[in-house]
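target-v5.cif, holding mmCIF, C-alpha atoms:
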data_target
loop_
_atom_site.group_PDB
_atom_site.id
_atom_site.type_symbol
_atom_site.label_atom_id
_atom_site.label_comp_id
_atom_site.auth_asym_id
_atom_site.auth_seq_id
_atom_site.Cartn_x
_atom_site.Cartn_y
_atom_site.Cartn_z
ATOM 1 C CA MET A 1 0.000 0.000 0.000
ATOM 2 C CA ARG A 2 1.169 3.496 -0.799
ATOM 3 C CA TRP A 3 0.620 6.534 1.426
ATOM 4 C CA HIS A 4 0.767 10.305 1.081
ATOM 5 C CA GLU A 5 3.499 11.756 3.294
ATOM 6 C CA ILE A 6 3.349 15.363 4.527
ATOM 7 C CA THR A 7 6.617 16.649 5.981
ATOM 8 C CA VAL A 8 6.782 19.741 8.187
ATOM 9 C CA HIS A 9 10.117 21.324 9.116
ATOM 10 C CA THR A 10 9.440 23.307 12.281
ATOM 11 C CA THR A 11 10.598 23.838 15.889
ATOM 12 C CA GLU A 12 10.686 21.418 18.817
ATOM 13 C CA GLU A 13 8.354 23.836 20.620
ATOM 14 C CA ALA A 14 5.631 23.229 18.027
ATOM 15 C CA ILE A 15 5.850 19.425 17.917
ATOM 16 C CA GLU A 16 2.907 18.598 20.158
ATOM 17 C CA MET A 17 0.434 20.930 18.448
ATOM 18 C CA ILE A 18 1.400 20.117 14.854
ATOM 19 C CA SER A 19 1.337 16.382 15.594
ATOM 20 C CA ASN A 20 -2.146 16.808 17.016
ATOM 21 C CA PHE A 21 -3.265 18.720 13.914
ATOM 22 C CA LEU A 22 -2.089 15.845 11.708
ATOM 23 C CA HIS A 23 -4.010 13.310 13.788
ATOM 24 C CA GLU A 24 -7.155 15.463 13.680
ATOM 25 C CA LEU A 25 -6.862 15.684 9.892
ATOM 26 C CA GLY A 26 -6.929 11.876 9.702
ATOM 27 C CA ALA A 27 -3.271 10.844 9.607
ATOM 28 C CA GLY A 28 -2.779 7.090 9.852
ATOM 29 C CA GLY A 29 0.519 7.694 11.608
ATOM 30 C CA VAL A 30 2.860 10.484 12.655
ATOM 31 C CA THR A 31 6.631 10.362 13.065
ATOM 32 C CA ILE A 32 8.773 12.948 14.819
ATOM 33 C CA GLU A 33 12.514 13.493 14.622
ATOM 34 C CA GLU A 34 14.082 16.106 16.880
ATOM 35 C CA SER A 35 17.490 17.705 16.715
ATOM 36 C CA GLY A 36 20.373 15.290 17.074
ATOM 37 C CA THR A 37 23.269 17.603 16.372
ATOM 38 C CA LEU A 38 26.638 17.015 17.955
ATOM 39 C CA ASN A 39 25.930 20.027 20.192
ATOM 40 C CA LYS A 40 23.041 18.199 21.871
ATOM 41 C CA GLU A 41 24.012 16.168 24.915
ATOM 42 C CA ARG A 42 22.541 12.709 25.374
ATOM 43 C CA ASP A 43 21.743 11.566 28.868
ATOM 44 C CA THR A 44 23.682 8.396 29.727
ATOM 45 C CA SER A 45 23.473 8.780 33.513
ATOM 46 C CA LEU A 46 21.394 5.616 33.856
ATOM 47 C CA GLY A 47 23.269 3.621 31.243
ATOM 48 C CA GLN A 48 21.086 4.553 28.271
ATOM 49 C CA TRP A 49 22.421 3.743 24.849
ATOM 50 C CA TYR A 50 21.256 5.075 21.531
ATOM 51 C CA GLU A 51 20.820 2.980 18.433
ATOM 52 C CA LYS A 52 19.838 5.903 16.221
ATOM 53 C CA PRO A 53 22.772 8.061 15.096
ATOM 54 C CA LEU A 54 22.847 11.775 15.655
ATOM 55 C CA ASN A 55 21.160 13.583 12.774
ATOM 56 C CA ASP A 56 21.832 16.928 11.121
ATOM 57 C CA ILE A 57 18.597 18.638 12.169
ATOM 58 C CA PRO A 58 19.594 22.048 13.613
ATOM 59 C CA GLU A 59 19.364 22.598 17.361
ATOM 60 C CA GLY A 60 15.806 23.418 18.407
ATOM 61 C CA ARG A 61 14.323 22.238 15.117
ATOM 62 C CA ALA A 62 12.261 19.143 14.319
ATOM 63 C CA VAL A 63 10.862 17.225 11.359
ATOM 64 C CA ILE A 64 7.287 15.929 11.627
ATOM 65 C CA GLN A 65 5.771 13.574 9.071
ATOM 66 C CA GLY A 66 2.117 12.593 8.762
ATOM 67 C CA TYR A 67 0.871 9.703 6.629
ATOM 68 C CA PHE A 68 -2.471 9.626 4.828
ATOM 69 C CA PRO A 69 -3.966 6.732 2.815
ATOM 70 C CA GLN A 70 -4.375 6.845 -0.924
ATOM 71 C CA GLY A 71 -7.567 8.557 -1.997
ATOM 72 C CA THR A 72 -7.246 11.332 0.588
ATOM 73 C CA GLY A 73 -7.757 14.860 -0.753
ATOM 74 C CA MET A 74 -4.245 16.035 0.035
ATOM 75 C CA ASP A 75 -4.520 19.582 -1.343
ATOM 76 C CA GLU A 76 -7.312 20.317 1.127
ATOM 77 C CA ILE A 77 -5.470 18.560 3.976
ATOM 78 C CA LEU A 78 -2.299 20.573 3.347
ATOM 79 C CA ALA A 79 -4.230 23.851 3.161
ATOM 80 C CA GLN A 80 -5.978 23.135 6.471
ATOM 81 C CA LEU A 81 -2.697 22.146 8.106
ATOM 82 C CA LYS A 82 -0.967 25.345 6.988
ATOM 83 C CA GLU A 83 -3.864 27.431 8.294
ATOM 84 C CA SER A 84 -3.796 25.695 11.709
ATOM 85 C CA VAL A 85 -0.018 26.016 12.012
ATOM 86 C CA ALA A 86 -0.187 29.733 11.137
ATOM 87 C CA GLU A 87 -2.648 30.275 14.004
ATOM 88 C CA LEU A 88 -0.169 28.909 16.579
ATOM 89 C CA SER A 89 1.471 32.330 16.753
ATOM 90 C CA ASP A 90 -1.726 33.535 18.449
ATOM 91 C CA TYR A 91 -0.776 31.230 21.349
ATOM 92 C CA ASP A 92 2.862 32.411 21.439
ATOM 93 C CA ILE A 93 4.100 29.117 19.991
ATOM 94 C CA ASP A 94 7.106 29.696 17.744
ATOM 95 C CA THR A 95 6.837 27.527 14.612
ATOM 96 C CA GLY A 96 10.067 28.889 13.148
ATOM 97 C CA ASN A 97 8.953 29.681 9.588
ATOM 98 C CA PRO A 98 7.749 26.118 8.907
ATOM 99 C CA GLN A 99 8.364 24.464 5.559
ATOM 100 C CA PHE A 100 5.933 21.926 4.076
ATOM 101 C CA SER A 101 6.366 19.221 1.430
ATOM 102 C CA MET A 102 4.430 16.181 0.131
ATOM 103 C CA LYS A 103 5.279 12.905 -1.603
ATOM 104 C CA GLU A 104 4.078 9.284 -1.901
ATOM 105 C CA VAL A 105 5.822 6.449 -0.032
ATOM 106 C CA ASP A 106 5.434 2.692 0.423
ATOM 107 C CA GLU A 107 3.951 1.559 3.733
ATOM 108 C CA GLU A 108 6.969 -0.546 4.668
ATOM 109 C CA ASP A 109 9.105 2.587 4.479
ATOM 110 C CA TRP A 110 7.529 3.989 7.628
ATOM 111 C CA ALA A 111 4.919 1.770 9.317
ATOM 112 C CA THR A 112 7.344 -0.359 11.309
ATOM 113 C CA ALA A 113 10.759 1.161 10.616
ATOM 114 C CA TRP A 114 10.617 3.233 13.812
ATOM 115 C CA LYS A 115 10.489 0.084 15.957
ATOM 116 C CA GLN A 116 14.161 -0.673 15.372
ATOM 117 C CA TYR A 117 15.045 2.486 17.312
ATOM 118 C CA PHE A 118 12.755 1.869 20.299
ATOM 119 C CA LYS A 119 14.786 -0.120 22.821
ATOM 120 C CA PRO A 120 14.296 -0.714 26.565
ATOM 121 C CA LEU A 121 15.167 2.529 28.334
ATOM 122 C CA ARG A 122 15.869 3.108 32.018
ATOM 123 C CA ILE A 123 13.969 6.296 32.885
ATOM 124 C CA SER A 124 14.829 6.445 36.602
ATOM 125 C CA ASP A 125 16.385 4.356 39.347
ATOM 126 C CA ARG A 126 13.345 2.050 39.286
ATOM 127 C CA LEU A 127 11.345 2.649 36.108
ATOM 128 C CA THR A 128 12.203 1.144 32.724
ATOM 129 C CA ILE A 129 10.124 1.453 29.558
ATOM 130 C CA LYS A 130 10.211 -1.735 27.497
ATOM 131 C CA PRO A 131 8.671 -2.147 24.042
ATOM 132 C CA THR A 132 6.535 -5.274 24.011
ATOM 133 C CA TRP A 133 8.507 -6.835 21.142
ATOM 134 C CA GLU A 134 11.892 -6.573 22.877
ATOM 135 C CA GLU A 135 13.426 -9.185 25.220
ATOM 136 C CA TYR A 136 14.658 -7.729 28.502
ATOM 137 C CA GLU A 137 15.619 -9.144 31.888
ATOM 138 C CA ALA A 138 14.688 -6.835 34.758
ATOM 139 C CA GLY A 139 17.060 -6.233 37.636
ATOM 140 C CA PRO A 140 16.175 -6.357 41.339
ATOM 141 C CA GLU A 141 13.381 -3.898 42.241
ATOM 142 C CA GLU A 142 13.248 -2.652 38.633
ATOM 143 C CA ILE A 143 9.711 -1.783 37.486
ATOM 144 C CA ILE A 144 9.018 -2.617 33.852
ATOM 145 C CA LEU A 145 6.492 -0.566 31.898
ATOM 146 C CA GLU A 146 5.423 -2.604 28.858
ATOM 147 C CA LEU A 147 4.525 -0.289 25.986
ATOM 148 C CA ASP A 148 3.304 -0.605 22.428
ATOM 149 C CA PRO A 149 2.586 2.989 21.410
ATOM 150 C CA GLY A 150 1.697 2.198 17.804
ATOM 151 C CA MET A 151 2.175 5.022 15.347
ATOM 152 C CA ALA A 152 -0.123 7.415 17.196
ATOM 153 C CA PHE A 153 1.918 8.046 20.334
ATOM 154 C CA GLY A 154 5.470 8.566 21.458
ATOM 155 C CA THR A 155 7.647 5.971 23.124
ATOM 156 C CA GLY A 156 7.475 7.657 26.524
ATOM 157 C CA THR A 157 11.030 8.907 26.271
ATOM 158 C CA HIS A 158 10.195 12.526 25.406
ATOM 159 C CA ALA A 159 11.463 14.962 28.049
ATOM 160 C CA THR A 160 7.972 15.841 29.295
ATOM 161 C CA THR A 161 6.991 12.201 29.827
ATOM 162 C CA ALA A 162 10.318 11.290 31.401
ATOM 163 C CA LEU A 163 9.959 14.232 33.800
ATOM 164 C CA CYS A 164 6.479 13.043 34.773
ATOM 165 C CA LEU A 165 7.607 9.469 35.326
ATOM 166 C CA ARG A 166 10.480 10.498 37.583
ATOM 167 C CA THR A 167 8.239 12.866 39.509
ATOM 168 C CA LEU A 168 5.522 10.229 39.928
ATOM 169 C CA GLU A 169 8.115 7.907 41.412
ATOM 170 C CA GLY A 170 8.709 10.369 44.236
ATOM 171 C CA VAL A 171 5.057 11.315 44.762
ATOM 172 C CA VAL A 172 2.837 8.217 44.482
ATOM 173 C CA LYS A 173 2.399 6.308 47.725
ATOM 174 C CA PRO A 174 0.927 2.816 48.151
ATOM 175 C CA GLY A 175 -2.850 3.025 48.242
ATOM 176 C CA ASP A 176 -3.127 6.420 46.514
ATOM 177 C CA GLU A 177 -5.872 7.026 43.982
ATOM 178 C CA VAL A 178 -4.603 8.845 40.881
ATOM 179 C CA ILE A 179 -6.147 10.649 37.907
ATOM 180 C CA ASP A 180 -4.121 10.881 34.686
ATOM 181 C CA VAL A 181 -5.508 13.658 32.459
ATOM 182 C CA GLY A 182 -4.684 13.296 28.758
ATOM 183 C CA THR A 183 -3.350 9.774 29.173
ATOM 184 C CA GLY A 184 -2.270 9.138 25.554
ATOM 185 C CA SER A 185 -0.633 5.718 25.475
ATOM 186 C CA GLY A 186 -1.402 5.240 29.178
ATOM 187 C CA ILE A 187 2.253 5.164 30.218
ATOM 188 C CA LEU A 188 1.803 7.446 33.251
ATOM 189 C CA SER A 189 -1.220 5.504 34.490
ATOM 190 C CA ILE A 190 0.678 2.245 34.183
ATOM 191 C CA ALA A 191 3.625 3.701 36.094
ATOM 192 C CA ALA A 192 1.361 5.043 38.862
ATOM 193 C CA ALA A 193 -0.307 1.646 39.291
ATOM 194 C CA LYS A 194 3.017 -0.204 39.371
ATOM 195 C CA LEU A 195 4.333 2.326 41.896
ATOM 196 C CA GLY A 196 1.566 1.310 44.272
ATOM 197 C CA ALA A 197 -1.556 3.327 43.424
ATOM 198 C CA SER A 198 -4.664 1.403 44.389
ATOM 199 C CA HIS A 199 -6.507 2.652 41.305
ATOM 200 C CA VAL A 200 -5.891 5.053 38.418
ATOM 201 C CA LEU A 201 -8.454 6.859 36.282
ATOM 202 C CA ALA A 202 -6.946 7.488 32.839
ATOM 203 C CA LEU A 203 -8.788 10.191 30.878
ATOM 204 C CA ASP A 204 -8.498 11.268 27.250
ATOM 205 C CA LEU A 205 -10.835 12.904 24.739
ATOM 206 C CA ASP A 206 -9.186 11.112 21.801
ATOM 207 C CA PRO A 207 -10.817 7.705 21.112
ATOM 208 C CA VAL A 208 -7.531 6.499 19.589
ATOM 209 C CA ALA A 209 -5.791 7.311 22.873
ATOM 210 C CA VAL A 210 -8.498 5.491 24.840
ATOM 211 C CA SER A 211 -7.959 2.409 22.671
ATOM 212 C CA SER A 212 -4.168 2.599 23.000
ATOM 213 C CA ALA A 213 -4.225 3.142 26.760
ATOM 214 C CA SER A 214 -6.684 0.280 27.199
ATOM 215 C CA GLU A 215 -4.448 -2.078 25.209
ATOM 216 C CA ASN A 216 -1.305 -1.075 27.105
ATOM 217 C CA THR A 217 -3.197 -1.501 30.381
ATOM 218 C CA ARG A 218 -4.040 -5.042 29.280
ATOM 219 C CA LEU A 219 -0.439 -5.764 28.229
ATOM 220 C CA ASN A 220 0.674 -4.852 31.751
ATOM 221 C CA GLY A 221 -2.061 -6.920 33.405
ATOM 222 C CA LEU A 222 -3.579 -3.892 35.130
ATOM 223 C CA GLU A 223 -7.194 -3.967 33.926
ATOM 224 C CA ASP A 224 -8.416 -4.273 37.520
ATOM 225 C CA ARG A 225 -6.464 -1.198 38.689
ATOM 226 C CA ILE A 226 -6.728 1.231 35.757
ATOM 227 C CA THR A 227 -9.995 2.587 34.355
ATOM 228 C CA VAL A 228 -9.637 4.205 30.931
ATOM 229 C CA ALA A 229 -12.395 6.629 29.934
ATOM 230 C CA GLU A 230 -13.106 8.940 26.995
ATOM 231 C CA SER A 231 -13.693 12.052 29.076
ATOM 232 C CA ASP A 232 -12.231 15.269 30.377
ATOM 233 C CA LEU A 233 -11.720 15.977 34.073
ATOM 234 C CA LEU A 234 -14.797 18.175 34.493
ATOM 235 C CA LYS A 235 -17.056 15.484 33.040
ATOM 236 C CA ALA A 236 -15.529 12.936 35.441
ATOM 237 C CA ILE A 237 -16.206 15.252 38.393
ATOM 238 C CA ARG A 238 -19.822 15.720 37.290
ATOM 239 C CA THR A 239 -20.253 11.973 36.767
ATOM 240 C CA GLN A 240 -19.429 11.306 40.406
ATOM 241 C CA ALA A 241 -21.464 14.288 41.611
ATOM 242 C CA GLU A 242 -24.487 12.766 39.882
ATOM 243 C CA GLY A 243 -23.923 9.547 41.804
ATOM 244 C CA LYS A 244 -22.866 7.550 38.758
ATOM 245 C CA SER A 245 -20.230 4.851 39.176
ATOM 246 C CA GLY A 246 -17.597 3.383 36.875
ATOM 247 C CA LEU A 247 -14.711 5.772 37.454
ATOM 248 C CA GLY A 248 -12.750 3.322 39.593
ATOM 249 C CA VAL A 249 -11.666 6.119 41.943
ATOM 250 C CA THR A 250 -13.494 8.173 44.552
ATOM 251 C CA LEU A 251 -13.047 11.915 44.238
ATOM 252 C CA PRO A 252 -11.302 13.796 45.700
ATOM 253 C CA VAL A 253 -8.105 11.807 45.052
ATOM 254 C CA GLN A 254 -4.549 12.059 46.320
ATOM 255 C CA VAL A 255 -2.729 12.681 43.003
ATOM 256 C CA VAL A 256 -3.551 14.237 39.622
ATOM 257 C CA VAL A 257 -1.012 14.173 36.792
ATOM 258 C CA ALA A 258 -1.291 15.934 33.427
ATOM 259 C CA ASN A 259 1.327 15.787 30.692
ATOM 260 C CA ILE A 260 -0.302 18.228 28.263
ATOM 261 C CA LEU A 261 0.656 21.508 26.635
ATOM 262 C CA ALA A 262 0.653 24.537 28.942
ATOM 263 C CA GLU A 263 -2.172 26.146 26.928
ATOM 264 C CA ILE A 264 -4.406 23.184 27.782
ATOM 265 C CA ILE A 265 -3.234 22.922 31.395
ATOM 266 C CA LEU A 266 -4.357 26.522 31.951
ATOM 267 C CA LEU A 267 -7.925 25.600 30.983
ATOM 268 C CA PHE A 268 -8.651 23.192 33.839
ATOM 269 C CA VAL A 269 -6.563 24.311 36.837
ATOM 270 C CA SER A 270 -9.689 24.891 38.949
ATOM 271 C CA ASP A 271 -11.032 21.440 37.996
ATOM 272 C CA VAL A 272 -7.823 19.822 39.259
ATOM 273 C CA PHE A 273 -8.105 21.768 42.514
ATOM 274 C CA GLU A 274 -11.639 20.410 42.954
ATOM 275 C CA ALA A 275 -10.588 16.842 42.104
ATOM 276 C CA LEU A 276 -7.804 16.787 44.735
ATOM 277 C CA GLN A 277 -8.251 16.244 48.438
ATOM 278 C CA SER A 278 -6.551 18.569 50.939
ATOM 279 C CA GLY A 279 -2.830 17.860 50.880
ATOM 280 C CA GLY A 280 -3.156 16.293 47.427
ATOM 281 C CA THR A 281 -0.475 16.669 44.764
ATOM 282 C CA TYR A 282 -0.766 17.952 41.200
ATOM 283 C CA ILE A 283 2.010 17.077 38.735
ATOM 284 C CA ALA A 284 1.810 19.254 35.615
ATOM 285 C CA SER A 285 4.230 18.616 32.761
ATOM 286 C CA GLY A 286 4.411 19.407 29.046
ATOM 287 C CA ILE A 287 5.195 23.008 29.968
ATOM 288 C CA ILE A 288 7.646 24.878 27.762
ATOM 289 C CA LYS A 289 9.887 27.155 29.851
ATOM 290 C CA GLN A 290 8.410 30.306 28.327
ATOM 291 C CA LYS A 291 5.022 29.333 29.786
ATOM 292 C CA GLN A 292 6.243 28.349 33.260
ATOM 293 C CA ALA A 293 5.537 31.680 34.960
ATOM 294 C CA GLU A 294 2.022 31.855 33.489
ATOM 295 C CA VAL A 295 1.182 28.327 34.661
ATOM 296 C CA GLU A 296 2.548 29.004 38.146
ATOM 297 C CA ARG A 297 0.451 32.186 38.418
ATOM 298 C CA ALA A 298 -2.666 30.246 37.461
ATOM 299 C CA LEU A 299 -1.882 27.543 40.009
ATOM 300 C CA ALA A 300 -1.394 30.127 42.757
ATOM 301 C CA GLU A 301 -4.626 31.930 41.838
ATOM 302 C CA ALA A 302 -6.519 28.637 42.066
ATOM 303 C CA GLY A 303 -5.167 28.056 45.575
ATOM 304 C CA PHE A 304 -2.239 25.719 44.894
ATOM 305 C CA ARG A 305 1.158 26.012 46.528
ATOM 306 C CA VAL A 306 3.987 25.307 44.057
ATOM 307 C CA GLU A 307 6.537 23.135 45.847
ATOM 308 C CA GLU A 308 8.994 21.792 43.265
ATOM 309 C CA ARG A 309 10.089 22.279 39.692
ATOM 310 C CA TYR A 310 12.027 19.863 37.505
ATOM 311 C CA GLU A 311 13.600 20.792 34.171
ATOM 312 C CA GLU A 312 14.892 18.900 31.166
ATOM 313 C CA THR A 313 16.018 20.643 27.980
ATOM 314 C CA ASP A 314 13.341 23.335 27.398
ATOM 315 C CA TRP A 315 10.607 21.613 29.394
ATOM 316 C CA VAL A 316 9.387 21.976 32.978
ATOM 317 C CA ALA A 317 7.364 19.749 35.317
ATOM 318 C CA ILE A 318 5.712 21.497 38.249
ATOM 319 C CA VAL A 319 4.681 19.841 41.524
ATOM 320 C CA ALA A 320 1.911 21.762 43.303
ATOM 321 C CA ARG A 321 0.104 20.980 46.560
ATOM 322 C CA LYS A 322 -3.492 21.687 47.544
ATOM 323 C CA PRO A 323 -3.350 23.074 51.121
#
Give the structure from this file in structure tokens form.
Amino acid sequence: MRWHEITVHTTEEAIEMISNFLHELGAGGVTIEESGTLNKERDTSLGQWYEKPLNDIPEGRAVIQGYFPQGTGMDEILAQLKESVAELSDYDIDTGNPQFSMKEVDEEDWATAWKQYFKPLRISDRLTIKPTWEEYEAGPEEIILELDPGMAFGTGTHATTALCLRTLEGVVKPGDEVIDVGTGSGILSIAAAKLGASHVLALDLDPVAVSSASENTRLNGLEDRITVAESDLLKAIRTQAEGKSGLGVTLPVQVVVANILAEIILLFVSDVFEALQSGGTYIASGIIKQKQAEVERALAEAGFRVEERYEETDWVAIVARKP
């Protein structure tokens, strides 16, 4: 089978939004390649090794490719994509004068090629992400997160996800109930459950994400401890307020985690405050450094107390407490 490939040369800052645009336009898969110049350090502190060689993408830049089946009206798709990308400047997202191109490719050129670069990766002292197709022998007290992200989601190694995973490790206590907002592949929910959470509610508005998170929950044998739902946080709060069951957790909970763009995080700060019990912890990641101050102001205005901040490359994870 042949596919239409749209390539966008842009900035790392714009990756999340442009990838989402491609999915919304009907892409059957999206690939992302970030800068791998010799000026970019690679973290080997936990023994990571990298199969993929450093590339020549300039520092701070990225190449995003979306794949559409034959028969798709590509002129209309490209026009809509360009319009959506142009509007990102209204949200102070720098797209870096993006360049667009299109061509046709064979499915085998992209559908599974990325798998050869996804190897088991130690994220923290205890957490290791392992693709389901790779053999790996865990060490003592090592927690393995089985993951098959498909073409729709990342491998869990992006800075924002890694920050969340490391932060969860220090926050989640045995018996905690956790809500994961914008779960994607479900990696954070799986980590929370394996770190001792009694139950996790994984929320996402994307039905593809709900399907992916459900499958990864099954692969990790956690169906009885993770509930995946196509919902936002406010809808979940209202569901419980109406006396309906099926969430798997009882609000308010001890921990809420959200690995979403800062622009989205700002929309539901008050909902998170309502969903947390007194003394509860909110982990917010996916925040580009330029948006950190704005997010922290919103958290403070909602009543949160910001306690810790963790940084990796240009990204920040914030740990806030409800008094």
Between atom CA of A:Ala262 and atom CA of A:Ala300, distance in Å (one decimal)
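Atom CA of A:Ala262 sits 15.0 Å away from atom CA of A:Ala300.
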Evaluate the PyMOL selection byres ((chain A and resi 315-322) around 7) and record the selected residues as a PDB file with C-alpha atoms, in the frame of the given file, following the chain and residue labels used in the document.
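So part.pdb came out as:
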ATOM      1  CA  ALA A 159      11.463  14.962  28.049  1.00  0.00           C
ATOM      2  CA  THR A 160       7.972  15.841  29.295  1.00  0.00           C
ATOM      3  CA  LEU A 163       9.959  14.232  33.800  1.00  0.00           C
ATOM      4  CA  CYS A 164       6.479  13.043  34.773  1.00  0.00           C
ATOM      5  CA  PHE A 273      -8.105  21.768  42.514  1.00  0.00           C
ATOM      6  CA  SER A 278      -6.551  18.569  50.939  1.00  0.00           C
ATOM      7  CA  GLY A 279      -2.830  17.860  50.880  1.00  0.00           C
ATOM      8  CA  GLY A 280      -3.156  16.293  47.427  1.00  0.00           C
ATOM      9  CA  THR A 281      -0.475  16.669  44.764  1.00  0.00           C
ATOM     10  CA  TYR A 282      -0.766  17.952  41.200  1.00  0.00           C
ATOM     11  CA  ILE A 283       2.010  17.077  38.735  1.00  0.00           C
ATOM     12  CA  ALA A 284       1.810  19.254  35.615  1.00  0.00           C
ATOM     13  CA  SER A 285       4.230  18.616  32.761  1.00  0.00           C
ATOM     14  CA  GLY A 286       4.411  19.407  29.046  1.00  0.00           C
ATOM     15  CA  ILE A 287       5.195  23.008  29.968  1.00  0.00           C
ATOM     16  CA  ILE A 288       7.646  24.878  27.762  1.00  0.00           C
ATOM     17  CA  LYS A 289       9.887  27.155  29.851  1.00  0.00           C
ATOM     18  CA  GLY A 303      -5.167  28.056  45.575  1.00  0.00           C
ATOM     19  CA  PHE A 304      -2.239  25.719  44.894  1.00  0.00           C
ATOM     20  CA  ARG A 305       1.158  26.012  46.528  1.00  0.00           C
ATOM     21  CA  VAL A 306       3.987  25.307  44.057  1.00  0.00           C
ATOM     22  CA  GLU A 307       6.537  23.135  45.847  1.00  0.00           C
ATOM     23  CA  GLU A 308       8.994  21.792  43.265  1.00  0.00           C
ATOM     24  CA  ARG A 309      10.089  22.279  39.692  1.00  0.00           C
ATOM     25  CA  TYR A 310      12.027  19.863  37.505  1.00  0.00           C
ATOM     26  CA  GLU A 311      13.600  20.792  34.171  1.00  0.00           C
ATOM     27  CA  GLU A 312      14.892  18.900  31.166  1.00  0.00           C
ATOM     28  CA  THR A 313      16.018  20.643  27.980  1.00  0.00           C
ATOM     29  CA  ASP A 314      13.341  23.335  27.398  1.00  0.00           C
ATOM     30  CA  PRO A 323      -3.350  23.074  51.121  1.00  0.00           C
TER      31      PRO A 323
END
What are the closest atom pairs, with distances in Å to one decimal, for each residue of stretch 6-30 of chain A lying within 8 Å of stretch 73-92 of chain A, using only C-alpha atoms, rows by chain and rising residue number, as a Markdown table?
| residue | atom | partner | partner_atom | distance |
| --- | --- | --- | --- | --- |
| A:Ile6 | CA | A:Leu78 | CA | 7.8 |
| A:Ile18 | CA | A:Val85 | CA | 6.7 |
| A:Phe21 | CA | A:Leu81 | CA | 6.8 |
| A:Leu22 | CA | A:Leu81 | CA | 7.3 |
| A:Leu25 | CA | A:Ile77 | CA | 6.7 |
Shell around A:Leu266 at 12 Å using all atoms listed in the file, local window under 6 positions removed, as number ranges by chain
A: 258, 260, 272, 284-287, 291-302
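The nearest approach to A:Thr10 among the residues A:Ile179, A:Ala27, A:Ile93, A:Ala213, with only C-alpha atoms taken into account, belongs to A:Ile93.
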Take the PyMOL selection byres ((chain A and resi 183) around 12), apply it to the structure above, and return the hits as a ChimeraX atom specification.
/A:149,153-154,156,161,164,178-182,184-192,200-214,216-217,226-233,256-260
Next, write the just-selected residues to a file, as an mmCIF file, in the frame of the given file, keeping C-alpha atoms as the atom set.
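See selection-v4.cif below for the written result:
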data_model
loop_
_atom_site.group_PDB
_atom_site.id
_atom_site.type_symbol
_atom_site.label_atom_id
_atom_site.label_comp_id
_atom_site.auth_asym_id
_atom_site.auth_seq_id
_atom_site.Cartn_x
_atom_site.Cartn_y
_atom_site.Cartn_z
ATOM 1 C CA PRO A 149 2.586 2.989 21.410
ATOM 2 C CA PHE A 153 1.918 8.046 20.334
ATOM 3 C CA GLY A 154 5.470 8.566 21.458
ATOM 4 C CA GLY A 156 7.475 7.657 26.524
ATOM 5 C CA THR A 161 6.991 12.201 29.827
ATOM 6 C CA CYS A 164 6.479 13.043 34.773
ATOM 7 C CA VAL A 178 -4.603 8.845 40.881
ATOM 8 C CA ILE A 179 -6.147 10.649 37.907
ATOM 9 C CA ASP A 180 -4.121 10.881 34.686
ATOM 10 C CA VAL A 181 -5.508 13.658 32.459
ATOM 11 C CA GLY A 182 -4.684 13.296 28.758
ATOM 12 C CA GLY A 184 -2.270 9.138 25.554
ATOM 13 C CA SER A 185 -0.633 5.718 25.475
ATOM 14 C CA GLY A 186 -1.402 5.240 29.178
ATOM 15 C CA ILE A 187 2.253 5.164 30.218
ATOM 16 C CA LEU A 188 1.803 7.446 33.251
ATOM 17 C CA SER A 189 -1.220 5.504 34.490
ATOM 18 C CA ILE A 190 0.678 2.245 34.183
ATOM 19 C CA ALA A 191 3.625 3.701 36.094
ATOM 20 C CA ALA A 192 1.361 5.043 38.862
ATOM 21 C CA VAL A 200 -5.891 5.053 38.418
ATOM 22 C CA LEU A 201 -8.454 6.859 36.282
ATOM 23 C CA ALA A 202 -6.946 7.488 32.839
ATOM 24 C CA LEU A 203 -8.788 10.191 30.878
ATOM 25 C CA ASP A 204 -8.498 11.268 27.250
ATOM 26 C CA LEU A 205 -10.835 12.904 24.739
ATOM 27 C CA ASP A 206 -9.186 11.112 21.801
ATOM 28 C CA PRO A 207 -10.817 7.705 21.112
ATOM 29 C CA VAL A 208 -7.531 6.499 19.589
ATOM 30 C CA ALA A 209 -5.791 7.311 22.873
ATOM 31 C CA VAL A 210 -8.498 5.491 24.840
ATOM 32 C CA SER A 211 -7.959 2.409 22.671
ATOM 33 C CA SER A 212 -4.168 2.599 23.000
ATOM 34 C CA ALA A 213 -4.225 3.142 26.760
ATOM 35 C CA SER A 214 -6.684 0.280 27.199
ATOM 36 C CA ASN A 216 -1.305 -1.075 27.105
ATOM 37 C CA THR A 217 -3.197 -1.501 30.381
ATOM 38 C CA ILE A 226 -6.728 1.231 35.757
ATOM 39 C CA THR A 227 -9.995 2.587 34.355
ATOM 40 C CA VAL A 228 -9.637 4.205 30.931
ATOM 41 C CA ALA A 229 -12.395 6.629 29.934
ATOM 42 C CA GLU A 230 -13.106 8.940 26.995
ATOM 43 C CA SER A 231 -13.693 12.052 29.076
ATOM 44 C CA ASP A 232 -12.231 15.269 30.377
ATOM 45 C CA LEU A 233 -11.720 15.977 34.073
ATOM 46 C CA VAL A 256 -3.551 14.237 39.622
ATOM 47 C CA VAL A 257 -1.012 14.173 36.792
ATOM 48 C CA ALA A 258 -1.291 15.934 33.427
ATOM 49 C CA ASN A 259 1.327 15.787 30.692
ATOM 50 C CA ILE A 260 -0.302 18.228 28.263
#
Of the candidates A:Ile144, A:Met102, A:Ile123, A:Ile32, which shows the shortest atom-to-atom distance to A:Arg166, using only C-alpha atoms?
A:Ile123
By how many Å are atom CA of A:Ser19 and atom CA of A:Gln65 apart?
8.4 Å
Take stretch 225-229 of chain A from the block and save it with C-alpha atoms, as a compact mmCIF listing (two decimals), in the first residue's frame.
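Final output, result03.txt:
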# COMPACT_ATOMS: atom_id res chain seq x y z
CA ARG A 225 -6.46 -1.20 38.69
CA ILE A 226 -6.73 1.23 35.76
CA THR A 227 -10.00 2.59 34.35
CA VAL A 228 -9.64 4.20 30.93
CA ALA A 229 -12.39 6.63 29.93
